[in-house]
$ cat target35.pdb   # PDB, C-alpha atoms
MODEL        1
ATOM      1  CA  MET A   1      35.677  -1.015  29.596
ATOM      2  CA  GLY A   2      35.053  -4.455  28.194
ATOM      3  CA  ILE A   3      33.114  -6.175  25.493
ATOM      4  CA  CYS A   4      29.841  -6.057  27.463
ATOM      5  CA  ASP A   5      30.088  -2.364  28.470
ATOM      6  CA  ILE A   6      27.473  -1.086  26.022
ATOM      7  CA  LYS A   7      25.560   1.759  27.608
ATOM      8  CA  ARG A   8      21.988   2.681  26.795
ATOM      9  CA  THR A   9      23.092   6.148  25.657
ATOM     10  CA  ASP A  10      25.622   4.618  23.283
ATOM     11  CA  MET A  11      22.938   2.471  21.647
ATOM     12  CA  MET A  12      20.492   5.380  21.460
ATOM     13  CA  ASN A  13      23.093   7.629  19.847
ATOM     14  CA  GLY A  14      24.042   4.848  17.464
ATOM     15  CA  GLU A  15      27.728   5.018  18.237
ATOM     16  CA  ILE A  16      28.151   1.256  18.711
ATOM     17  CA  LEU A  17      24.971  -0.057  17.135
ATOM     18  CA  ASN A  18      25.284   1.537  13.695
ATOM     19  CA  PRO A  19      28.300  -0.435  12.430
ATOM     20  CA  VAL A  20      26.872  -3.653  13.880
ATOM     21  CA  VAL A  21      23.435  -3.125  12.339
ATOM     22  CA  ILE A  22      24.951  -2.248   8.969
ATOM     23  CA  ILE A  23      27.176  -5.349   8.951
ATOM     24  CA  LEU A  24      24.389  -7.669  10.111
ATOM     25  CA  LEU A  25      21.886  -6.283   7.593
ATOM     26  CA  SER A  26      24.485  -6.657   4.852
ATOM     27  CA  LEU A  27      25.052 -10.285   5.817
ATOM     28  CA  VAL A  28      21.284 -10.946   5.833
ATOM     29  CA  VAL A  29      20.867  -9.361   2.377
ATOM     30  CA  VAL A  30      23.777 -11.410   0.996
ATOM     31  CA  ALA A  31      22.324 -14.602   2.506
ATOM     32  CA  PHE A  32      18.886 -13.965   0.976
ATOM     33  CA  ALA A  33      20.425 -13.124  -2.411
ATOM     34  CA  TYR A  34      22.497 -16.315  -2.288
ATOM     35  CA  CYS A  35      19.433 -18.428  -1.435
ATOM     36  CA  TYR A  36      17.430 -16.790  -4.231
ATOM     37  CA  VAL A  37      20.145 -17.473  -6.812
ATOM     38  CA  ILE A  38      20.370 -21.121  -5.749
ATOM     39  CA  TYR A  39      16.569 -21.509  -5.820
ATOM     40  CA  LYS A  40      16.301 -19.918  -9.274
ATOM     41  CA  SER A  41      19.265 -21.908 -10.614
ATOM     42  CA  LYS A  42      17.797 -25.225  -9.436
ATOM     43  CA  HIS A  43      14.490 -24.579 -11.200
ATOM     44  CA  GLU A  44      16.188 -23.246 -14.326
ATOM     45  CA  SER A  45      18.501 -26.271 -14.438
ATOM     46  CA  LYS A  46      15.541 -28.666 -14.332
ATOM     47  CA  ARG A  47      13.952 -27.018 -17.400
ATOM     48  CA  VAL A  48      17.083 -27.058 -19.582
ATOM     49  CA  GLU A  49      17.700 -29.990 -21.911
ATOM     50  CA  LYS A  50      21.058 -31.403 -20.844
ATOM     51  CA  GLY A  51      21.340 -34.433 -23.087
ATOM     52  CA  GLU A  52      23.205 -37.576 -22.088
ATOM     53  CA  LYS A  53      25.221 -37.492 -18.872
ATOM     54  CA  PHE A  54      28.803 -38.553 -19.512
ATOM     55  CA  MET A  55      30.274 -38.339 -16.018
ATOM     56  CA  GLU A  56      30.152 -36.671 -12.638
ATOM     57  CA  VAL A  57      33.227 -35.254 -10.902
ATOM     58  CA  LYS A  58      33.498 -33.988  -7.337
ATOM     59  CA  ALA A  59      36.116 -31.373  -6.479
ATOM     60  CA  ARG A  60      36.897 -28.721  -3.891
ATOM     61  CA  MET A  61      37.722 -25.142  -4.821
ATOM     62  CA  ILE A  62      40.902 -25.511  -2.771
ATOM     63  CA  GLU A  63      42.147 -28.085  -5.316
ATOM     64  CA  ASP A  64      42.566 -25.239  -7.816
ATOM     65  CA  ASN A  65      46.222 -24.246  -7.392
ATOM     66  CA  SER A  66      45.594 -20.648  -8.521
ATOM     67  CA  PHE A  67      42.812 -20.281  -5.935
ATOM     68  CA  LYS A  68      45.145 -21.045  -3.043
ATOM     69  CA  VAL A  69      46.574 -17.490  -3.182
ATOM     70  CA  ALA A  70      43.109 -15.977  -2.665
ATOM     71  CA  LEU A  71      42.412 -18.391   0.180
ATOM     72  CA  LEU A  72      45.731 -17.548   1.826
ATOM     73  CA  SER A  73      44.899 -13.831   1.515
ATOM     74  CA  LEU A  74      41.560 -14.354   3.282
ATOM     75  CA  PHE A  75      43.271 -16.321   6.051
ATOM     76  CA  ILE A  76      45.868 -13.553   6.511
ATOM     77  CA  LEU A  77      43.040 -10.993   6.635
ATOM     78  CA  LEU A  78      41.385 -13.051   9.392
ATOM     79  CA  LEU A  79      44.634 -13.172  11.390
ATOM     80  CA  ILE A  80      45.102  -9.398  10.989
ATOM     81  CA  SER A  81      41.536  -8.819  12.175
ATOM     82  CA  ILE A  82      42.029 -10.996  15.254
ATOM     83  CA  GLY A  83      45.431  -9.435  15.944
ATOM     84  CA  THR A  84      44.042  -5.903  15.681
ATOM     85  CA  THR A  85      41.195  -6.730  18.063
ATOM     86  CA  ILE A  86      43.597  -8.249  20.602
ATOM     87  CA  PHE A  87      45.902  -5.225  20.261
ATOM     88  CA  TYR A  88      42.951  -2.893  20.961
ATOM     89  CA  TRP A  89      42.029  -4.936  24.019
ATOM     90  CA  LEU A  90      45.612  -5.038  25.369
ATOM     91  CA  SER A  91      46.000  -1.281  24.904
ATOM     92  CA  GLY A  92      42.938  -0.673  27.100
ATOM     93  CA  LYS A  93      40.413   0.137  24.372
ATOM     94  CA  SER A  94      37.074  -1.640  24.352
ATOM     95  CA  ILE A  95      36.377  -4.302  21.776
ATOM     96  CA  GLU A  96      33.468  -3.327  19.592
ATOM     97  CA  ILE A  97      30.946  -5.833  18.343
ATOM     98  CA  TRP A  98      31.628  -5.083  14.653
ATOM     99  CA  GLN A  99      35.202  -6.308  15.118
ATOM    100  CA  ILE A 100      33.947  -9.695  16.281
ATOM    101  CA  VAL A 101      31.391  -9.848  13.442
ATOM    102  CA  ILE A 102      34.340  -9.658  11.030
ATOM    103  CA  TRP A 103      35.851 -12.716  12.762
ATOM    104  CA  PHE A 104      32.777 -14.726  11.777
ATOM    105  CA  SER A 105      32.245 -13.266   8.310
ATOM    106  CA  ILE A 106      35.714 -14.071   6.930
ATOM    107  CA  PRO A 107      35.470 -17.807   7.764
ATOM    108  CA  GLY A 108      32.135 -17.654   5.948
ATOM    109  CA  PHE A 109      34.178 -17.125   2.771
ATOM    110  CA  ILE A 110      36.907 -19.633   3.671
ATOM    111  CA  ILE A 111      34.792 -22.647   4.729
ATOM    112  CA  PRO A 112      32.961 -23.151   1.372
ATOM    113  CA  CYS A 113      36.348 -23.541  -0.319
ATOM    114  CA  PHE A 114      36.801 -26.868   1.466
ATOM    115  CA  MET A 115      33.346 -28.206   0.595
ATOM    116  CA  LYS A 116      33.032 -30.554  -2.388
ATOM    117  CA  ARG A 117      31.169 -29.346  -5.449
ATOM    118  CA  THR A 118      29.579 -31.678  -7.944
ATOM    119  CA  TYR A 119      30.327 -31.132 -11.634
ATOM    120  CA  GLY A 120      28.147 -33.039 -14.095
ATOM    121  CA  ILE A 121      29.457 -33.249 -17.654
ATOM    122  CA  TYR A 122      26.591 -33.609 -20.142
ATOM    123  CA  GLU A 123      26.150 -33.705 -23.892
ATOM    124  CA  GLU A 124      24.885 -30.101 -23.918
ATOM    125  CA  GLY A 125      27.140 -28.558 -21.233
ATOM    126  CA  ILE A 126      28.364 -28.711 -17.645
ATOM    127  CA  LYS A 127      26.310 -28.587 -14.460
ATOM    128  CA  ILE A 128      28.213 -26.896 -11.645
ATOM    129  CA  ALA A 129      26.559 -27.564  -8.266
ATOM    130  CA  VAL A 130      22.950 -26.556  -9.078
ATOM    131  CA  ARG A 131      23.420 -24.475 -12.227
ATOM    132  CA  PHE A 132      23.730 -25.732 -15.809
ATOM    133  CA  TYR A 133      26.059 -23.989 -18.294
ATOM    134  CA  PRO A 134      25.837 -24.801 -22.037
ATOM    135  CA  TRP A 135      29.095 -25.401 -23.927
ATOM    136  CA  ASN A 136      28.967 -21.964 -25.601
ATOM    137  CA  THR A 137      29.470 -20.428 -22.117
ATOM    138  CA  PHE A 138      33.081 -21.656 -22.186
ATOM    139  CA  LYS A 139      35.867 -20.609 -24.531
ATOM    140  CA  GLY A 140      38.350 -23.420 -24.010
ATOM    141  CA  TYR A 141      40.403 -25.517 -21.664
ATOM    142  CA  SER A 142      43.951 -26.414 -20.695
ATOM    143  CA  VAL A 143      45.448 -29.362 -18.844
ATOM    144  CA  LYS A 144      48.022 -28.946 -16.121
ATOM    145  CA  ASN A 145      49.229 -31.302 -13.356
ATOM    146  CA  GLY A 146      46.299 -33.710 -13.527
ATOM    147  CA  GLN A 147      43.745 -30.899 -13.625
ATOM    148  CA  VAL A 148      41.561 -29.580 -16.448
ATOM    149  CA  LEU A 149      41.088 -25.798 -16.314
ATOM    150  CA  ILE A 150      37.941 -24.691 -18.129
ATOM    151  CA  TYR A 151      37.756 -21.010 -19.075
ATOM    152  CA  TYR A 152      34.532 -19.014 -19.140
ATOM    153  CA  ARG A 153      33.691 -16.851 -22.133
ATOM    154  CA  SER A 154      33.256 -13.657 -20.135
ATOM    155  CA  PHE A 155      34.740 -10.209 -19.654
ATOM    156  CA  TRP A 156      36.762 -11.329 -16.617
ATOM    157  CA  SER A 157      37.804 -14.663 -18.159
ATOM    158  CA  GLY A 158      37.291 -16.751 -15.043
ATOM    159  CA  SER A 159      37.950 -20.458 -14.839
ATOM    160  CA  PHE A 160      37.253 -23.520 -12.747
ATOM    161  CA  VAL A 161      39.241 -26.700 -12.220
ATOM    162  CA  LEU A 162      38.229 -30.332 -12.562
ATOM    163  CA  PRO A 163      40.513 -33.089 -11.257
ATOM    164  CA  ASP A 164      41.565 -35.485 -14.018
ATOM    165  CA  GLU A 165      43.929 -38.195 -12.820
ATOM    166  CA  ASP A 166      43.168 -40.706 -15.574
ATOM    167  CA  GLY A 167      42.472 -38.380 -18.549
ATOM    168  CA  ARG A 168      38.761 -39.225 -18.831
ATOM    169  CA  VAL A 169      37.606 -35.649 -18.220
ATOM    170  CA  GLU A 170      39.940 -34.254 -20.885
ATOM    171  CA  LYS A 171      38.762 -36.886 -23.368
ATOM    172  CA  VAL A 172      35.142 -35.713 -22.997
ATOM    173  CA  ILE A 173      35.933 -31.979 -22.813
ATOM    174  CA  MET A 174      38.103 -32.014 -25.952
ATOM    175  CA  GLU A 175      35.061 -32.972 -28.057
ATOM    176  CA  TYR A 176      33.297 -29.704 -27.160
ATOM    177  CA  LEU A 177      35.985 -27.114 -26.389
ATOM    178  CA  GLU A 178      39.177 -25.899 -28.041
ATOM    179  CA  PRO A 179      42.421 -26.502 -26.133
ATOM    180  CA  ASN A 180      44.634 -23.685 -24.833
ATOM    181  CA  PRO A 181      42.529 -20.543 -25.343
ATOM    182  CA  LYS A 182      44.359 -17.288 -25.872
ATOM    183  CA  PRO A 183      44.489 -15.245 -22.653
ATOM    184  CA  GLY A 184      42.727 -11.905 -22.718
ATOM    185  CA  LEU A 185      39.865  -9.911 -21.338
ATOM    186  CA  LEU A 186      37.299 -10.596 -24.017
ATOM    187  CA  GLY A 187      36.497 -14.093 -25.184
TER     188      GLY A 187
ENDMDL
END

$ encode --input "target35.pdb" --output "structure tokens"
Amino acid sequence: MGICDIKRTDMMNGEILNPVVIILLSLVVVAFAYCYVIYKSKHESKRVEKGEKFMEVKARMIEDNSFKVALLSLFILLLISIGTTIFYWLSGKSIEIWQIVIWFSIPGFIIPCFMKRTYGIYEEGIKIAVRFYPWNTFKGYSVKNGQVLIYYRSFWSGSFVLPDEDGRVEKVIMEYLEPNPKPGLLG
């Protein structure tokens, strides 16, 4: 029994095909949803009045020190997945296609973390990649180790990080946001 030992009866009964089809369809739906959001955000961003552009900063998600824990968790999950598949194979069980699909889906979450995003700081808000967020979307900021953390005004209180080696980003941000917001669920 090996990776290519898929019998016609197995495919007709759905024993091997069902998990693969479900995973692949899920990935296709997520890809279409992602493309739709980007398309809609680009057109919406063009219509919004942004005001004067103060600066543009490029940063990777991996530069956010708090994000490194999530990235490490995904990498460990990938290693566990590969290790489990190899263990199955060494113990004489056949490797199923859905196990290999997981190998390719986890790096799909890891790779974008190393890609540079463009942050445009404008008079009316911040443009992150293709989407524009007005200043009232954010509740405040803090500065730590040459990075400016900007906190969203949302239920989950997310944040993003901008590199700020020379203090220029903080100088612009401080005109629009309050420093050191109080932590909590609701902004």

$ closest_residue --input "target35.pdb" --among "A:Gly83, A:Gly146, A:Gly167, A:Gly120" --to "Lys58 of chain A" --atoms "all atoms listed in the file"
A:Gly120

$ closest_residue --input "target35.pdb" --among "A:Phe75, A:Trp135, A:Pro112, A:Gln147" --to "Asp164 of chain A" --atoms "only C-alpha atoms"
A:Gln147

$ closest_residue --input "target35.pdb" --among "A:Val130, A:Leu177, A:Ile121, A:Val30" --to "Val57 of chain A" --atoms "all atoms listed in the file"
A:Ile121

$ residues_around --input "target35.pdb" --residues "Ala59 of chain A" --least-positions-apart "2" --cutoff "7 Å" --atoms "all atoms listed in the file" --output "list in words"
Val57, Met61, Glu63, Lys116, Arg117, Thr118, Leu162 and Pro163 of chain A

$ closest_residue --input "target35.pdb" --among "A:Glu123, A:Asn145, A:Val29, A:Ile150" --to "Phe54 of chain A" --atoms "all atoms listed in the file"
A:Glu123

$ closest_residue --input "target35.pdb" --among "A:Lys40, A:Lys50, A:Val101, A:Phe87" --to "Ser26 of chain A" --atoms "all atoms listed in the file"
A:Val101

$ atom_distance --input "target35.pdb" --atom1 "atom CA of Leu79 of chain A" --atom2 "atom CA of Trp103 of chain A"
8.9 Å

$ residues_around --input "target35.pdb" --residues "Thr137 of chain A" --least-positions-apart "5" --cutoff "9 Å" --atoms "only C-alpha atoms" --output "ChimeraX atom specification"
/A:125,151-154

$ closest_residue --input "target35.pdb" --among "A:Ile76, A:Ser81, A:Lys68, A:Ser159" --to "Phe114 of chain A" --atoms "only C-alpha atoms"
A:Lys68

$ residues_around --input "target35.pdb" --residues "Ser142 of chain A" --least-positions-apart "4" --cutoff "7 Å" --atoms "all atoms listed in the file" --output "list of chain:residue names"
A:Val148, A:Leu149, A:Ile150, A:Pro179, A:Asn180

$ write_last_selection --input "target35.pdb" --atoms "C-alpha atoms" --output "PDB file, keeping the file's coordinate frame"
ATOM      1  CA  VAL A 148      41.561 -29.580 -16.448  1.00  0.00           C
ATOM      2  CA  LEU A 149      41.088 -25.798 -16.314  1.00  0.00           C
ATOM      3  CA  ILE A 150      37.941 -24.691 -18.129  1.00  0.00           C
ATOM      4  CA  PRO A 179      42.421 -26.502 -26.133  1.00  0.00           C
ATOM      5  CA  ASN A 180      44.634 -23.685 -24.833  1.00  0.00           C
TER       6      ASN A 180
END

$ axis_aligned_box --input "target35.pdb" --around "segment 159-173 of chain A" --padding-each-side "4 Å" --output "JSON"
{"center_x": 39.5, "center_y": -30.6, "center_z": -17.3, "size_x": 16.8, "size_y": 28.2, "size_z": 20.1}

$ atom_distance --input "target35.pdb" --atom1 "atom CA of Phe109 of chain A" --atom2 "atom CA of His43 of chain A"
25.3 Å

$ atom_distance --input "target35.pdb" --atom1 "atom CA of Ile100 of chain A" --atom2 "atom CA of Ile38 of chain A"
28.3 Å

$ resolve_selection --input "target35.pdb" --expression "the PyMOL selection byres ((chain A and resi 124) around 10)" --output "compact mmCIF listing (two decimals) with C-alpha atoms, in the frame of the given file"
# COMPACT_ATOMS: atom_id res chain seq x y z
CA VAL A 48 17.08 -27.06 -19.58
CA GLU A 49 17.70 -29.99 -21.91
CA LYS A 50 21.06 -31.40 -20.84
CA GLY A 51 21.34 -34.43 -23.09
CA GLU A 52 23.20 -37.58 -22.09
CA LYS A 53 25.22 -37.49 -18.87
CA ILE A 121 29.46 -33.25 -17.65
CA TYR A 122 26.59 -33.61 -20.14
CA GLU A 123 26.15 -33.70 -23.89
CA GLY A 125 27.14 -28.56 -21.23
CA ILE A 126 28.36 -28.71 -17.64
CA LYS A 127 26.31 -28.59 -14.46
CA PHE A 132 23.73 -25.73 -15.81
CA TYR A 133 26.06 -23.99 -18.29
CA PRO A 134 25.84 -24.80 -22.04
CA TRP A 135 29.10 -25.40 -23.93
CA ASN A 136 28.97 -21.96 -25.60
CA TYR A 176 33.30 -29.70 -27.16
